[in-house]
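Engineer: Please read through the structure below; I'll follow up with questions.
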2 protein chains.
Amino acid sequence: MALVVTKFGGTSVASPERIKNVAKRLVAKRQAGDDVVAVVSAMGKTTDELVSLARAMNTAPSKREMDMLLSTGEQTSMALLAMAIQALGYKAISFTGWQAGIVTDNEYSLAKIENIDAHRIREAIADGYIVVVAGFQGLSLGGDITTLGRGGSDTTAVALAYGIDADVCEIYSDVDGVYSADPRVAPRARKLDFISYDDMLEMSSAGSGVLQARAVEFARKYGVVIHSRSAFSDAPGTLIKEAVPDMEQAVVSGIAHDTSEIRFTLRGLPDNPGVAAKLFATLAAYKVSVDMIIQNSVADDKANISFTFPGNQKAAVEEAVSRVKRDMPFDRVDIDEDIAKVSLVGTGMKSSPGIAARAFKSLADNEISLKMISTSPIRISVVVEASQVTAAVRCLHTEFGLDSDTVFEETQLSPEEIAAKMNKGR
Amino acid sequence: MALVVTKFGGTSVASPERIKNVAKRLVAKRQAGDDVVAVVSAMGKTTDELVSLARAMNTAPSKREMDMLLSTGEQTSMALLAMAIQALGYKAISFTGWQAGIVTDNEYSLAKIENIDAHRIREAIADGYIVVVAGFQGLSLGGDITTLGRGGSDTTAVALAYGIDADVCEIYSDVDGVYSADPRVAPRARKLDFISYDDMLEMSSAGSGVLQARAVEFARKYGVVIHSRSAFSDAPGTLIKEAVPDMEQAVVSGIAHDTSEIRFTLRGLPDNPGVAAKLFATLAAYKVSVDMIIQNSVADDKANISFTFPGNQKAAVEEAVSRVKRDMPFDRVDIDEDIAKVSLVGTGMKSSPGIAARAFKSLADNEISLKMISTSPIRISVVVEASQVTAAVRCLHTEFGLDSDTVFEETQLSPEEIAAKMNKGR
């Protein structure tokens, strides 16, 4: 007898057949005695279709109307899921974001949850219903429909789990948990039974696509236990929760990698205070998500600054950099698109000196040269040539004792599922 | 400078191109100085597609979830229309039924409007917005999404016109107003400049598909002036409003016809009190909409009862009749599917005796035999052979001086538009 919030993504509800499968899983949970709340995304490509309809109307549609439009996707899938559960003979009721009491700020398309008033959900559970809730959406204090942006449905699930004091928030996807590395890159990757919030956040921001960092942050803040598991099997997945002593034995929890970033190096900048401040303030004004930064002085009172950022923001960065050049001349820009970031993540690093040295030696032994290095108390990231990313992940995985005895075979994943895994939507 | 509520049906917003055309018409009104509220239906076949998705989930989906699902259709078209207006450089904002303050009872799929709290619409108009509202939907007092059933969007428009005290409620469709008869049957039919609520209600219930009777009833109750006009031209249409002295000069406003009904005749029923009560109570329990009824006694203490009803309710009627037969045996049932009802409608009849006699003589002169007759103070209906419906409509149209000097050509109507006209949806 547990109170469980479950979340199913867009691929899990992409067709009537798949929605029926989700209904069966929820009913099985109910039969096992659990109280169940299911958070759903829009069906498969619905969101893309709505976006293209909007673009046919207006090349720059207002965000308010866009949220109004996109929120119909989840409303459709939740009603269909409730009907499918009823067809199996169980009571089900669906709620939109505003009915579920998800109150947000007014930031259309990127709204933040401000409050949860889950009394309708609690009442429906008490009345024996399986409750289905639209993910990704809420209601602003002004009474407008808002959407939560990327990863929004995961965040809805975690927020509701907090709002109704659920025992666990199960997030179902096409992968069966969090791995010590991407199994397609490191075939000896192990599925983790547990990972701490901190390590999961570092893994997410270092490129692991299993869970949206935003949902993990919310879970950490409010102490919600997340269970990341497969939509296609009953095997247990990975629990994401507060670190406990026995979790800290592993020095390194996992190796994440990210090939989506590119690097700009500005050469021959004036070497005086305020140069970096000016550059990064301008990049921020263009809404660029800068990741790693290195500055070093060179001869003749000049300095070079390198920074990495997501490759899809290249146009914005070029504009920002040419604006900077007008006020603050420099010699030239070098652009490096063939890079990959590889990160060791582990809460245990804090109390284990020498991890960085071991990592660098292992990489050197494998003739992998490092272009950039960045560290936090629980993460070490290095930037390498894109062509060396597989070798780097594998050697670090072996070096820190993460290798499993079994070799991962990915025959169960279709190309679409791999693509979905590489580029998670909402 | 007027405050105008406009309503556009599903065919008017069936494609991105058509939505843009509606946006242009609304902007033209705004440019002319009017304040505009637009009520929209779902795009073209959206509702049918959603219904078939629901049936794939559950052969008998719950009405609550069905309303949740179907209401996404109007939410989609209203957001797209608001975006299209914004693309023309005008301020626009869309509201769902619950945001527009349309409060209904709890009768899912057939909800009745109980209250309108239009303060958000009034504020948006005051702020200079063109306001777009989802038709067909509301919010129950329990906080659930409801739909208003057949003709719901017309009713939404009329109710909002009342709620914001609009000068007129313009209902756009693929016909350019109310005619003295169906122009495809009577080519000399005239478009009426005015028609009273009472006559319009009789025309609607007698088979004229231009406006939903329910919306006309609402308009009569609250004194809302309706302007029925074409979505494809700027020509004025027909005003539906309270009868005024000069409107009463025409004895007969129009001739309506209806080929959708069929007739059952139960022969050899026991001729005693309570037989008719028993029969029609059973039909009511099966939710049959009985239209005309004739009972006559025959020899040997037996009676025959004939009644007409919409042909799509035949299965329910057969079931009801076989149930009646168990308690109250009769000889046999005759079923007549090839019938048509032709009705003369006119408030002026009340003060003009002899209209019925003139009508029957005109029909007899044209060798049209009558199967049933039914009258109200402002309507005379006869049932004839389906093959004689055109002749009956035309001879009555001529007899009562309704013929126009010009002959209607229907080249501007596509087959889909004719079909839509014959069988209006919501």
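So you can find residues: chains in the structure tokens are A, B, ... in the order shown, residues in each start at 1, and ligands are numbered from 1 in order.
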What's around Asp405 of chain A at 10 Å? Count only C-alpha atoms, leave out sequence neighbours fewer than 5 positions away in its own chain, and write the answer as an MDAnalysis selection string.
Structural biologist: chainID A and resid 188:190
Engineer: Once DSSP has gone over the backbone, tell me which residues of segment 176-299 of chain A are in helix (DSSP H, G or I), as a ChimeraX atom specification.
Structural biologist: /A:197-205,213-222,245-249,275-285
Engineer: For the interface of chain A with chain B (cut-off 7 Å, counting only C-alpha atoms), please tabulate each contacting residue of chain A alongside its nearest pair of atoms and their separation in Å to one decimal, rows sorted by chain and increasing number, as CSV.
Structural biologist:
```
residue,atom,partner,partner_atom,distance
A:Pro16,CA,B:Ala56,CA,6.6
A:Ala54,CA,B:Leu80,CA,6.1
A:Ala56,CA,B:Pro16,CA,6.6
A:Met57,CA,B:Ala84,CA,4.9
A:Asn58,CA,B:Ala87,CA,5.3
A:Pro61,CA,B:Met83,CA,5.6
A:Ser62,CA,B:Met83,CA,6.8
A:Glu65,CA,B:Ala79,CA,5.3
A:Met68,CA,B:Ala79,CA,6.2
A:Leu69,CA,B:Thr76,CA,5.3
A:Thr72,CA,B:Thr72,CA,5.4
A:Gln75,CA,B:Leu69,CA,6.7
A:Thr76,CA,B:Leu69,CA,5.3
A:Ala79,CA,B:Glu65,CA,5.3
A:Leu80,CA,B:Ala54,CA,6.1
A:Met83,CA,B:Pro61,CA,5.6
A:Ala84,CA,B:Met57,CA,4.9
A:Ala87,CA,B:Asn58,CA,5.3
```
Engineer: Would you kindly return, as a ChimeraX atom specification, each protein, DNA or RNA residue with an atom no farther than 8 Å from any atom of Gly268 of chain B, considering only C-alpha atoms and excluding same-chain residues fewer than 4 positions away?
Structural biologist: /B:298,302-304,330-332
Engineer: Kindly save the residues from that selection, with C-alpha atoms included, as a compact mmCIF listing (two decimals), in the first residue's frame.
Structural biologist:
```
# COMPACT_ATOMS: atom_id res chain seq x y z
CA VAL B 298 -61.41 1.97 -35.74
CA LYS B 302 -59.58 -0.84 -31.60
CA ALA B 303 -57.46 2.23 -32.33
CA ASN B 304 -54.51 3.12 -34.56
CA PHE B 330 -51.68 -4.83 -30.87
CA ASP B 331 -52.01 -6.20 -34.42
CA ARG B 332 -49.03 -4.84 -36.32
```
Engineer: In Å, with one decimal, what is the gap from atom CA of Lys91 of chain B to atom CA of Ile130 of chain B?
Structural biologist: 6.1 Å
Engineer: So which residues of segment 192-334 of chain A fall under strand (DSSP E or B) by DSSP, listed as a PDB file with N, CA and C atoms, in the first residue's frame?
Structural biologist:
```pdb
ATOM      1  N   PHE A 194      21.063   3.095  -6.810  1.00  0.00           N
ATOM      2  CA  PHE A 194      20.800   4.385  -6.162  1.00  0.00           C
ATOM      3  C   PHE A 194      21.738   5.430  -6.726  1.00  0.00           C
ATOM      4  N   ILE A 195      21.310   6.672  -6.707  1.00  0.00           N
ATOM      5  CA  ILE A 195      22.230   7.782  -6.949  1.00  0.00           C
ATOM      6  C   ILE A 195      21.706   8.963  -6.133  1.00  0.00           C
ATOM      7  N   SER A 196      22.622   9.770  -5.607  1.00  0.00           N
ATOM      8  CA  SER A 196      22.195  10.914  -4.789  1.00  0.00           C
ATOM      9  C   SER A 196      21.693  12.029  -5.703  1.00  0.00           C
ATOM     10  N   ILE A 226      12.753   9.889  -6.383  1.00  0.00           N
ATOM     11  CA  ILE A 226      12.424   9.574  -7.777  1.00  0.00           C
ATOM     12  C   ILE A 226      12.871   8.152  -8.096  1.00  0.00           C
ATOM     13  N   HIS A 227      12.036   7.428  -8.809  1.00  0.00           N
ATOM     14  CA  HIS A 227      12.418   6.108  -9.300  1.00  0.00           C
ATOM     15  C   HIS A 227      12.401   6.176 -10.825  1.00  0.00           C
ATOM     16  N   SER A 228      13.586   6.167 -11.430  1.00  0.00           N
ATOM     17  CA  SER A 228      13.701   6.210 -12.894  1.00  0.00           C
ATOM     18  C   SER A 228      13.671   4.787 -13.418  1.00  0.00           C
ATOM     19  N   ARG A 229      12.645   4.453 -14.253  1.00  0.00           N
ATOM     20  CA  ARG A 229      12.520   3.054 -14.665  1.00  0.00           C
ATOM     21  C   ARG A 229      11.952   2.928 -16.070  1.00  0.00           C
ATOM     22  N   SER A 230      11.964   1.698 -16.585  1.00  0.00           N
ATOM     23  CA  SER A 230      11.591   1.466 -17.973  1.00  0.00           C
ATOM     24  C   SER A 230      10.082   1.376 -18.167  1.00  0.00           C
ATOM     25  N   THR A 238      16.441   2.921 -11.136  1.00  0.00           N
ATOM     26  CA  THR A 238      17.376   3.597 -10.236  1.00  0.00           C
ATOM     27  C   THR A 238      16.615   4.551  -9.325  1.00  0.00           C
ATOM     28  N   LEU A 239      16.908   4.495  -8.026  1.00  0.00           N
ATOM     29  CA  LEU A 239      16.314   5.449  -7.083  1.00  0.00           C
ATOM     30  C   LEU A 239      17.207   6.676  -6.963  1.00  0.00           C
ATOM     31  N   ILE A 240      16.615   7.859  -7.107  1.00  0.00           N
ATOM     32  CA  ILE A 240      17.357   9.102  -6.908  1.00  0.00           C
ATOM     33  C   ILE A 240      16.863   9.683  -5.589  1.00  0.00           C
ATOM     34  N   LYS A 241      17.778   9.812  -4.614  1.00  0.00           N
ATOM     35  CA  LYS A 241      17.356  10.274  -3.298  1.00  0.00           C
ATOM     36  C   LYS A 241      18.531  10.867  -2.532  1.00  0.00           C
ATOM     37  N   GLY A 254      29.429   7.848 -11.679  1.00  0.00           N
ATOM     38  CA  GLY A 254      29.292   7.592 -13.108  1.00  0.00           C
ATOM     39  C   GLY A 254      30.113   8.536 -13.943  1.00  0.00           C
ATOM     40  N   ILE A 255      30.125   8.212 -15.238  1.00  0.00           N
ATOM     41  CA  ILE A 255      30.843   9.018 -16.219  1.00  0.00           C
ATOM     42  C   ILE A 255      29.802   9.538 -17.207  1.00  0.00           C
ATOM     43  N   ALA A 256      29.674  10.850 -17.334  1.00  0.00           N
ATOM     44  CA  ALA A 256      28.737  11.401 -18.318  1.00  0.00           C
ATOM     45  C   ALA A 256      29.534  12.001 -19.469  1.00  0.00           C
ATOM     46  N   HIS A 257      28.900  12.055 -20.628  1.00  0.00           N
ATOM     47  CA  HIS A 257      29.587  12.758 -21.719  1.00  0.00           C
ATOM     48  C   HIS A 257      28.576  13.577 -22.511  1.00  0.00           C
ATOM     49  N   ASP A 258      29.070  14.547 -23.246  1.00  0.00           N
ATOM     50  CA  ASP A 258      28.209  15.496 -23.948  1.00  0.00           C
ATOM     51  C   ASP A 258      28.940  15.959 -25.200  1.00  0.00           C
ATOM     52  N   GLU A 261      28.219  20.419 -27.305  1.00  0.00           N
ATOM     53  CA  GLU A 261      28.759  21.766 -27.109  1.00  0.00           C
ATOM     54  C   GLU A 261      29.851  22.099 -28.127  1.00  0.00           C
ATOM     55  N   ILE A 262      30.084  23.381 -28.327  1.00  0.00           N
ATOM     56  CA  ILE A 262      31.207  23.827 -29.142  1.00  0.00           C
ATOM     57  C   ILE A 262      31.992  24.880 -28.360  1.00  0.00           C
ATOM     58  N   ARG A 263      33.213  25.177 -28.847  1.00  0.00           N
ATOM     59  CA  ARG A 263      34.094  26.079 -28.103  1.00  0.00           C
ATOM     60  C   ARG A 263      34.512  27.266 -28.964  1.00  0.00           C
ATOM     61  N   PHE A 264      34.429  28.452 -28.411  1.00  0.00           N
ATOM     62  CA  PHE A 264      34.984  29.666 -29.030  1.00  0.00           C
ATOM     63  C   PHE A 264      36.211  30.072 -28.213  1.00  0.00           C
ATOM     64  N   THR A 265      37.266  30.475 -28.885  1.00  0.00           N
ATOM     65  CA  THR A 265      38.420  31.053 -28.195  1.00  0.00           C
ATOM     66  C   THR A 265      38.669  32.447 -28.769  1.00  0.00           C
ATOM     67  N   LEU A 266      38.572  33.473 -27.912  1.00  0.00           N
ATOM     68  CA  LEU A 266      38.858  34.850 -28.321  1.00  0.00           C
ATOM     69  C   LEU A 266      40.325  35.121 -28.008  1.00  0.00           C
ATOM     70  N   ARG A 267      41.113  35.415 -29.034  1.00  0.00           N
ATOM     71  CA  ARG A 267      42.564  35.575 -28.856  1.00  0.00           C
ATOM     72  C   ARG A 267      42.949  37.054 -28.920  1.00  0.00           C
ATOM     73  N   GLY A 268      43.887  37.413 -28.039  1.00  0.00           N
ATOM     74  CA  GLY A 268      44.445  38.775 -28.067  1.00  0.00           C
ATOM     75  C   GLY A 268      43.528  39.829 -27.489  1.00  0.00           C
ATOM     76  N   LEU A 269      42.775  39.465 -26.465  1.00  0.00           N
ATOM     77  CA  LEU A 269      41.960  40.463 -25.754  1.00  0.00           C
ATOM     78  C   LEU A 269      42.876  41.320 -24.889  1.00  0.00           C
ATOM     79  N   PRO A 270      42.503  42.569 -24.619  1.00  0.00           N
ATOM     80  CA  PRO A 270      43.285  43.360 -23.659  1.00  0.00           C
ATOM     81  C   PRO A 270      43.286  42.654 -22.300  1.00  0.00           C
ATOM     82  N   ILE A 293      34.748  27.821 -18.828  1.00  0.00           N
ATOM     83  CA  ILE A 293      35.474  29.052 -19.174  1.00  0.00           C
ATOM     84  C   ILE A 293      36.936  28.896 -18.776  1.00  0.00           C
ATOM     85  N   ILE A 294      37.845  29.297 -19.659  1.00  0.00           N
ATOM     86  CA  ILE A 294      39.264  29.353 -19.296  1.00  0.00           C
ATOM     87  C   ILE A 294      39.818  30.694 -19.748  1.00  0.00           C
ATOM     88  N   GLN A 295      40.555  31.364 -18.862  1.00  0.00           N
ATOM     89  CA  GLN A 295      41.231  32.601 -19.258  1.00  0.00           C
ATOM     90  C   GLN A 295      42.703  32.445 -18.927  1.00  0.00           C
ATOM     91  N   ASN A 296      43.577  32.829 -19.874  1.00  0.00           N
ATOM     92  CA  ASN A 296      44.997  32.838 -19.527  1.00  0.00           C
ATOM     93  C   ASN A 296      45.703  34.008 -20.200  1.00  0.00           C
ATOM     94  N   SER A 297      46.654  34.564 -19.454  1.00  0.00           N
ATOM     95  CA  SER A 297      47.384  35.719 -19.975  1.00  0.00           C
ATOM     96  C   SER A 297      48.462  35.240 -20.932  1.00  0.00           C
ATOM     97  N   VAL A 298      48.686  36.026 -21.987  1.00  0.00           N
ATOM     98  CA  VAL A 298      49.785  35.728 -22.914  1.00  0.00           C
ATOM     99  C   VAL A 298      50.685  36.952 -22.978  1.00  0.00           C
ATOM    100  N   LYS A 302      48.283  40.840 -23.300  1.00  0.00           N
ATOM    101  CA  LYS A 302      47.111  40.289 -23.982  1.00  0.00           C
ATOM    102  C   LYS A 302      46.648  39.036 -23.242  1.00  0.00           C
ATOM    103  N   ALA A 303      45.367  38.676 -23.439  1.00  0.00           N
ATOM    104  CA  ALA A 303      44.838  37.454 -22.821  1.00  0.00           C
ATOM    105  C   ALA A 303      43.981  36.703 -23.835  1.00  0.00           C
ATOM    106  N   ASN A 304      43.874  35.395 -23.648  1.00  0.00           N
ATOM    107  CA  ASN A 304      42.941  34.584 -24.443  1.00  0.00           C
ATOM    108  C   ASN A 304      41.825  34.094 -23.520  1.00  0.00           C
ATOM    109  N   ILE A 305      40.596  34.057 -24.032  1.00  0.00           N
ATOM    110  CA  ILE A 305      39.489  33.468 -23.259  1.00  0.00           C
ATOM    111  C   ILE A 305      38.796  32.425 -24.121  1.00  0.00           C
ATOM    112  N   SER A 306      38.672  31.207 -23.570  1.00  0.00           N
ATOM    113  CA  SER A 306      37.906  30.141 -24.232  1.00  0.00           C
ATOM    114  C   SER A 306      36.641  29.859 -23.435  1.00  0.00           C
ATOM    115  N   PHE A 307      35.568  29.554 -24.143  1.00  0.00           N
ATOM    116  CA  PHE A 307      34.353  29.126 -23.419  1.00  0.00           C
ATOM    117  C   PHE A 307      33.568  28.156 -24.296  1.00  0.00           C
ATOM    118  N   THR A 308      32.811  27.275 -23.629  1.00  0.00           N
ATOM    119  CA  THR A 308      31.968  26.309 -24.354  1.00  0.00           C
ATOM    120  C   THR A 308      30.499  26.629 -24.094  1.00  0.00           C
ATOM    121  N   PHE A 309      29.645  26.183 -25.052  1.00  0.00           N
ATOM    122  CA  PHE A 309      28.195  26.447 -24.951  1.00  0.00           C
ATOM    123  C   PHE A 309      27.482  25.482 -25.895  1.00  0.00           C
ATOM    124  N   PRO A 310      26.158  25.309 -25.748  1.00  0.00           N
ATOM    125  CA  PRO A 310      25.429  24.380 -26.617  1.00  0.00           C
ATOM    126  C   PRO A 310      25.518  24.827 -28.077  1.00  0.00           C
ATOM    127  N   ARG A 332      41.451  37.669 -32.909  1.00  0.00           N
ATOM    128  CA  ARG A 332      40.639  36.777 -33.741  1.00  0.00           C
ATOM    129  C   ARG A 332      39.855  35.785 -32.883  1.00  0.00           C
ATOM    130  N   VAL A 333      38.897  35.082 -33.514  1.00  0.00           N
ATOM    131  CA  VAL A 333      38.119  34.039 -32.832  1.00  0.00           C
ATOM    132  C   VAL A 333      38.475  32.696 -33.466  1.00  0.00           C
ATOM    133  N   ASP A 334      38.771  31.706 -32.628  1.00  0.00           N
ATOM    134  CA  ASP A 334      38.907  30.325 -33.125  1.00  0.00           C
ATOM    135  C   ASP A 334      37.661  29.552 -32.709  1.00  0.00           C
TER     136      ASP A 334
END
```
Engineer: Quick check, in Å to one decimal: how far apart do atom CA of Ser381 of chain A and atom CA of Phe360 of chain A lie?
Structural biologist: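 Going from atom CA of Ser381 of chain A over to atom CA of Phe360 of chain A, I get 10.5 Å.
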Engineer: Using only C-alpha atoms, determine which residues lie at most 8 Å from Thr147 of chain B, disregarding the query and same-chain residues fewer than 4 positions distant; provide the list as a list of chain:residue names.
Structural biologist: B:Asp67, B:Leu70, B:Ser71, B:Tyr108, B:Ser109, B:Leu110, B:Ala111, B:Phe136, B:Gln137, B:Gly138, B:Gly152
